Each structure stands twice: as C-alpha cells, then as structure tokens.
>>> print(open('input37.txt').read())   # compact mmCIF, C-alpha atoms
# COMPACT_ATOMS: atom_id res chain seq x y z
CA MET V 24 0.00 0.00 0.00
CA LEU V 25 1.11 3.56 -0.66
CA TYR V 26 0.73 6.11 2.15
CA THR V 27 0.69 9.78 1.18
CA LYS V 28 0.84 12.45 3.86
CA THR V 29 -1.46 15.44 3.39
CA ALA V 30 -1.19 19.10 4.34
CA LEU V 31 -3.02 18.20 7.58
CA ALA V 32 -0.63 16.28 9.85
CA GLY V 33 -1.94 12.79 10.63
CA ALA V 34 -4.40 12.65 7.73
CA ILE V 35 -3.16 10.17 5.16
CA ILE V 36 -4.30 9.08 1.71
CA ILE V 37 -3.90 5.34 1.18
CA ASP V 38 -3.64 3.84 -2.30
CA ILE V 39 -3.53 0.15 -3.09
CA GLN V 40 -0.66 -1.49 -4.94
CA LYS V 41 -2.03 -3.86 -7.55
CA ILE V 42 -0.51 -7.22 -8.35
CA GLN V 43 -1.90 -7.81 -11.84
CA ASP V 44 -2.17 -10.71 -14.23
CA GLU V 45 -4.56 -11.90 -16.95
CA ARG V 46 -7.32 -12.52 -14.37
CA GLY V 47 -7.31 -8.97 -13.02
CA PHE V 48 -5.51 -7.86 -9.89
CA PHE V 49 -5.02 -8.56 -6.19
CA ALA V 50 -4.21 -5.95 -3.55
CA TYR V 51 -4.26 -5.38 0.17
CA SER V 52 -6.81 -2.80 1.33
CA PHE V 53 -5.64 -3.04 4.95
CA ASP V 54 -2.60 -4.39 6.77
CA ALA V 55 -2.40 -3.83 10.55
CA GLN V 56 1.41 -4.10 10.76
CA GLU V 57 1.97 -1.79 7.83
CA ALA V 58 -0.55 0.74 9.18
CA ALA V 59 1.12 0.68 12.60
CA SER V 60 4.50 1.31 10.95
CA GLN V 61 2.93 4.45 9.45
CA GLY V 62 1.70 5.57 12.91
CA LEU V 63 -1.97 4.85 12.19
CA ASN V 64 -4.33 3.76 14.98
CA LEU V 65 -6.55 1.29 13.17
CA ASN V 66 -7.96 -0.87 15.95
CA PHE V 67 -11.41 -0.99 14.34
CA VAL V 68 -14.50 -1.68 16.46
CA GLN V 69 -17.22 -0.81 13.93
CA ALA V 70 -17.65 -0.94 10.16
CA LYS V 71 -20.39 1.15 8.55
CA ILE V 72 -21.91 1.55 5.09
CA SER V 73 -23.60 4.67 3.72
CA PHE V 74 -25.62 4.37 0.51
CA ASN V 75 -26.71 7.50 -1.34
CA HIS V 76 -29.33 7.47 -4.11
CA ILE V 77 -28.42 10.64 -5.99
CA LYS V 78 -25.38 12.77 -6.77
CA GLY V 79 -24.99 16.05 -4.90
CA ILE V 80 -25.91 14.67 -1.46
CA VAL V 81 -23.79 16.09 1.36
CA ARG V 82 -23.21 14.18 4.60
CA GLY V 83 -21.31 15.87 7.40
CA MET V 84 -19.34 17.58 8.85
CA HIS V 85 -19.12 15.21 11.87
CA TRP V 86 -16.69 14.12 14.59
CA GLN V 87 -16.78 12.74 18.13
CA VAL V 88 -15.23 14.16 21.32
CA ALA V 89 -13.92 12.38 24.43
CA PRO V 90 -14.48 9.86 25.76
CA SER V 91 -15.42 8.44 22.36
CA MET V 92 -13.04 10.18 19.94
CA GLU V 93 -12.65 8.17 16.76
CA THR V 94 -10.33 7.66 13.85
CA LYS V 95 -11.86 6.63 10.55
CA LEU V 96 -10.76 4.87 7.42
CA ILE V 97 -13.04 6.00 4.58
CA ARG V 98 -13.37 4.24 1.22
CA CYS V 99 -15.87 4.65 -1.61
CA THR V 100 -16.86 1.21 -2.88
CA ARG V 101 -19.41 2.29 -5.49
CA GLY V 102 -19.59 5.59 -7.36
CA ALA V 103 -17.49 8.56 -6.24
CA ILE V 104 -17.31 11.18 -3.50
CA HIS V 105 -15.64 14.49 -2.79
CA ASP V 106 -14.38 13.74 0.74
CA VAL V 107 -13.52 16.63 3.08
CA ILE V 108 -11.87 16.75 6.49
CA VAL V 109 -11.30 19.74 8.79
CA ASP V 110 -8.58 19.81 11.47
CA LEU V 111 -10.16 20.65 14.85
CA ARG V 112 -7.26 19.63 17.09
CA PRO V 113 -6.59 22.35 19.68
CA GLY V 114 -3.13 23.83 19.19
CA SER V 115 -2.66 22.34 15.73
CA SER V 116 -0.83 24.57 13.25
CA THR V 117 -3.54 23.65 10.69
CA TYR V 118 -6.50 24.15 13.05
CA GLY V 119 -9.61 25.08 11.04
CA LYS V 120 -7.99 24.14 7.71
CA HIS V 121 -9.38 21.47 5.42
CA ILE V 122 -8.40 19.19 2.57
CA ALA V 123 -10.53 17.43 -0.02
CA VAL V 124 -9.83 14.11 -1.73
CA GLU V 125 -11.78 12.30 -4.43
CA LEU V 126 -12.50 8.73 -3.39
CA SER V 127 -14.10 6.40 -5.91
CA ALA V 128 -14.74 2.79 -6.73
CA GLU V 129 -12.45 3.31 -9.71
CA ASN V 130 -9.42 4.76 -7.86
CA ARG V 131 -9.92 2.50 -4.79
CA ARG V 132 -8.28 5.18 -2.65
CA ALA V 133 -8.90 5.45 1.10
CA LEU V 134 -8.54 8.35 3.50
CA PHE V 135 -7.36 7.96 7.09
CA VAL V 136 -9.09 10.56 9.30
CA PRO V 137 -7.45 11.17 12.70
CA GLU V 138 -9.27 11.99 15.94
CA LEU V 139 -10.75 15.48 16.21
CA PHE V 140 -11.15 15.97 12.47
CA ALA V 141 -14.60 16.86 11.15
CA HIS V 142 -15.50 14.63 8.22
CA GLY V 143 -18.05 14.92 5.44
CA TYR V 144 -18.50 14.23 1.77
CA GLN V 145 -20.56 14.99 -1.32
CA THR V 146 -21.66 12.26 -3.73
CA LEU V 147 -20.42 12.81 -7.28
CA MET V 148 -22.52 10.04 -8.84
CA ASP V 149 -25.91 8.45 -8.32
CA SER V 150 -25.97 5.19 -6.32
CA THR V 151 -22.79 5.89 -4.37
CA GLU V 152 -21.73 3.70 -1.45
CA VAL V 153 -19.16 4.58 1.20
CA THR V 154 -17.62 2.38 3.89
CA TYR V 155 -16.28 3.61 7.20
CA GLN V 156 -14.12 1.63 9.59
CA VAL V 157 -13.85 3.31 13.00
CA ASN V 158 -11.91 2.67 16.19
CA ALA V 159 -14.62 3.89 18.62
CA VAL V 160 -18.28 3.04 19.08
CA TYR V 161 -20.73 5.70 17.94
CA ALA V 162 -21.77 7.73 21.00
CA PRO V 163 -24.57 10.26 20.31
CA ALA V 164 -23.63 12.35 23.37
CA CYS V 165 -20.10 12.76 21.96
CA GLU V 166 -21.16 13.65 18.41
CA ARG V 167 -20.40 17.13 17.13
CA GLY V 168 -20.81 18.79 13.76
CA LEU V 169 -20.26 21.90 11.68
CA ARG V 170 -22.25 23.39 8.85
CA HIS V 171 -21.11 22.15 5.46
CA ASP V 172 -21.59 25.63 3.97
CA ASP V 173 -19.96 27.72 6.71
CA PRO V 174 -18.05 30.56 4.98
CA ALA V 175 -15.39 30.46 7.72
CA LEU V 176 -14.40 26.95 6.59
CA GLY V 177 -14.31 27.86 2.89
CA ILE V 178 -15.22 24.38 1.67
CA ARG V 179 -16.06 24.33 -2.03
CA TRP V 180 -18.39 21.50 -2.94
CA PRO V 181 -18.07 20.56 -6.61
CA LEU V 182 -21.82 20.16 -7.24
CA PRO V 183 -24.93 22.00 -6.10
CA VAL V 184 -26.19 20.35 -2.90
CA SER V 185 -29.12 18.12 -3.88
CA LEU V 186 -29.95 16.89 -0.38
CA ILE V 187 -28.70 17.27 3.19
CA SER V 188 -30.32 16.01 6.37
CA PRO V 189 -32.20 18.42 8.66
CA LYS V 190 -29.75 17.49 11.43
CA ASP V 191 -26.75 18.45 9.27
CA GLN V 192 -28.40 21.73 8.31
CA LYS V 193 -28.67 22.70 11.98
CA TRP V 194 -25.05 22.31 13.05
CA PRO V 195 -23.52 25.55 14.34
CA ALA V 196 -21.03 27.76 12.56
CA PHE V 197 -17.32 27.20 13.11
CA THR V 198 -15.77 29.11 16.00
CA PRO V 199 -12.13 28.65 16.97
CA ASP V 200 -12.82 27.86 20.64
CA ARG V 201 -15.38 25.01 20.10
CA SER V 202 -14.75 21.49 21.32
>>> encode(input="input37.txt", output="structure tokens")
Amino acid sequence: MLYTKTALAGAIIIDIQKIQDERGFFAYSFDAQEAASQGLNLNFVQAKISFNHIKGIVRGMHWQVAPSMETKLIRCTRGAIHDVIVDLRPGSSTYGKHIAVELSAENRRALFVPELFAHGYQTLMDSTEVTYQVNAVYAPACERGLRHDDPALGIRWPLPVSLISPKDQKWPAFTPDRS
C-alpha cells in the first residue's frame, strides 16, 4: 500500500498497490502491521456503510469528542465522493484548515481521518456507497458537527447540494474555541 501524507498532519491518503495478471488484480486494502508502521491507529470496532441514491448529497461535517473520539478509514466502494476533512485539534498549526480528496470505486483510494477531524462528503454520482471503519463506538452524546456551507471553513463543494439532512443543516457555525 502507498501512504501519502497530506497538508493536515496525521491525515493520510492510502492507495492500493495492484498485483496484476490476466485474471485482473489482487491488492491489500488493509494491513495492521503496515498501518502501525505508518503511525496509524486502526484498531477498528465498527464498520459502517452509507448508501446515497443521488449525486450532490452532502453528509457531514461530523466528529466525536472524548471519551469516544474516533479515527476513521473511509473508502468509496461504489460511485465517487468528494471527501472533506477539517482539522479541529486544539493547538494544531492547521486548526480550522481542510483538505478534499476524491474517493471512488475506480481509484480504490482510502482516507485515514485522525481523531478530532470533522469529516463529510458529497456524492459525485448516483448510487454511491461509502464504507467507514472506525476505532470507537458511535456515541450520540459525543457527536459534534459543523455546517457544510460555513463561509469560515471555505469548503467548495463541486456540485450544487441536492440533499442534506435536517440534522446536518442545523449544526452551528465554526468558532475557533469550540470542542
């Protein structure tokens, strides 16, 4: 697997390395020893699937606080997404900054999302499916979120938003002192 550091320390793009022959290819999508050698905490306790009917849907921007902070490994297994993370780690030199990565069934890329990063995505195709592997159990009392369209974050979604949940529409605006 190929691990590419991003502009946000701790957030890593993971690409597969294909072993190809006339049948197709074989590749590892996860290797605990290799991930540990890259400093990734991937002790998964839950795996989740999100299916989205139409392109333009936005989900996010979500994260969890203590005592149930989580890391995530995100992969798009059908269709394509514009995946966005925002650094919310207190004291981080990139606090409040974001990156975006296209994840698709075609590129088979994954994104490792560290603790205290808000995460969200927009579907780029109809019938898109996303998998999440997380290292902490979902805890509603620890869930936090930010508005996907907050001007202070400056996130540019590639498509008009076709649908967003009422819950995601109600998240507060970004303020530097939030936890």
>>> residues_around(input="input37.txt", residues="V:Asn66", least_positions_apart="2", cutoff="8 Å", atoms="all atoms listed in the file", output="tab-separated table (two decimals) with C-alpha atoms, keeping the file's coordinate frame")
chain	number	residue	atom	x	y	z
V	64	ASN	CA	-4.33	3.76	14.98
V	68	VAL	CA	-14.50	-1.68	16.46
V	157	VAL	CA	-13.85	3.31	13.00
V	158	ASN	CA	-11.91	2.67	16.19
>>> residues_near_point(input="input37.txt", point="(-30.1, 8.0, -6.4)", cutoff="6 Å", atoms="all atoms listed in the file", output="ChimeraX atom specification")
/V:76-77,149-150
>>> residues_around(input="input37.txt", residues="V:Ser115", least_positions_apart="6", cutoff="12 Å", atoms="only C-alpha atoms", output="number ranges by chain")
V: 30-33, 109, 139-140, 199
>>> residues_around(input="input37.txt", residues="V:Glu125", least_positions_apart="4", cutoff="8 Å", atoms="only C-alpha atoms", output="number ranges by chain")
V: 103-106
>>> closest_residue(input="input37.txt", among="V:Pro195, V:Pro137, V:Gly177, V:Pro163", to="V:Ile36", atoms="only C-alpha atoms")
V:Pro137
>>> residues_around(input="input37.txt", residues="stretch 126-131 of chain V", least_positions_apart="2", cutoff="9 Å", atoms="only C-alpha atoms", output="ChimeraX atom specification")
/V:37-39,52,97-106,124,133-134,151-153
>>> residues_around(input="input37.txt", residues="V:Ala58", least_positions_apart="4", cutoff="10 Å", atoms="all atoms listed in the file", output="list in words")
Met24, Tyr26, Ile37, Phe53, Asp54, Gly62, Leu63, Asn64 and Leu65 of chain V
>>> write_last_selection(input="input37.txt", atoms="C-alpha atoms", output="PDB file, in the frame of the given file")
ATOM      1  CA  MET V  24       0.000   0.000   0.000  1.00  0.00           C
ATOM      2  CA  TYR V  26       0.730   6.110   2.150  1.00  0.00           C
ATOM      3  CA  ILE V  37      -3.900   5.340   1.180  1.00  0.00           C
ATOM      4  CA  PHE V  53      -5.640  -3.040   4.950  1.00  0.00           C
ATOM      5  CA  ASP V  54      -2.600  -4.390   6.770  1.00  0.00           C
ATOM      6  CA  GLY V  62       1.700   5.570  12.910  1.00  0.00           C
ATOM      7  CA  LEU V  63      -1.970   4.850  12.190  1.00  0.00           C
ATOM      8  CA  ASN V  64      -4.330   3.760  14.980  1.00  0.00           C
ATOM      9  CA  LEU V  65      -6.550   1.290  13.170  1.00  0.00           C
TER      10      LEU V  65
END
>>> closest_residue(input="input37.txt", among="V:Val160, V:Met148, V:Ala196, V:Leu169", to="V:Gly79", atoms="only C-alpha atoms")
V:Met148
>>> residues_near_point(input="input37.txt", point="(-24.9, -1.6, 3.1)", cutoff="10 Å", atoms="all atoms listed in the file", output="JSON, numbers by chain")
{"V": [71, 72, 73, 74, 152, 153, 154]}
>>> atom_distance(input="input37.txt", atom1="atom CA of V:Gln192", atom2="atom CA of V:Pro90")
25.3 Å
>>> atom_distance(input="input37.txt", atom1="atom CA of V:Thr94", atom2="atom CA of V:Lys41")
25.7 Å
>>> atom_distance(input="input37.txt", atom1="atom CA of V:Phe48", atom2="atom CA of V:Thr146")
26.5 Å
>>> closest_residue(input="input37.txt", among="V:Phe67, V:Tyr161, V:Tyr155, V:Tyr144", to="V:Gly83", atoms="only C-alpha atoms")
V:Tyr144
>>> closest_residue(input="input37.txt", among="V:Tyr118, V:Trp180, V:Phe135, V:Phe197", to="V:Glu93", atoms="all atoms listed in the file")
V:Phe135
>>> closest_residue(input="input37.txt", among="V:Arg112, V:Ala159, V:Pro181, V:Met84", to="V:Gly143", atoms="only C-alpha atoms")
V:Met84
>>> closest_residue(input="input37.txt", among="V:Pro189, V:Gly119, V:Gly114, V:Gly47", to="V:Leu176", atoms="all atoms listed in the file")
V:Gly119
>>> axis_aligned_box(input="input37.txt", around="stretch 132-146 of chain V", padding_each_side="5 Å", output="AutoDock Vina command-line options")
--center_x -14.5 --center_y 11.0 --center_z 6.2 --size_x 24.3 --size_y 21.7 --size_z 29.9
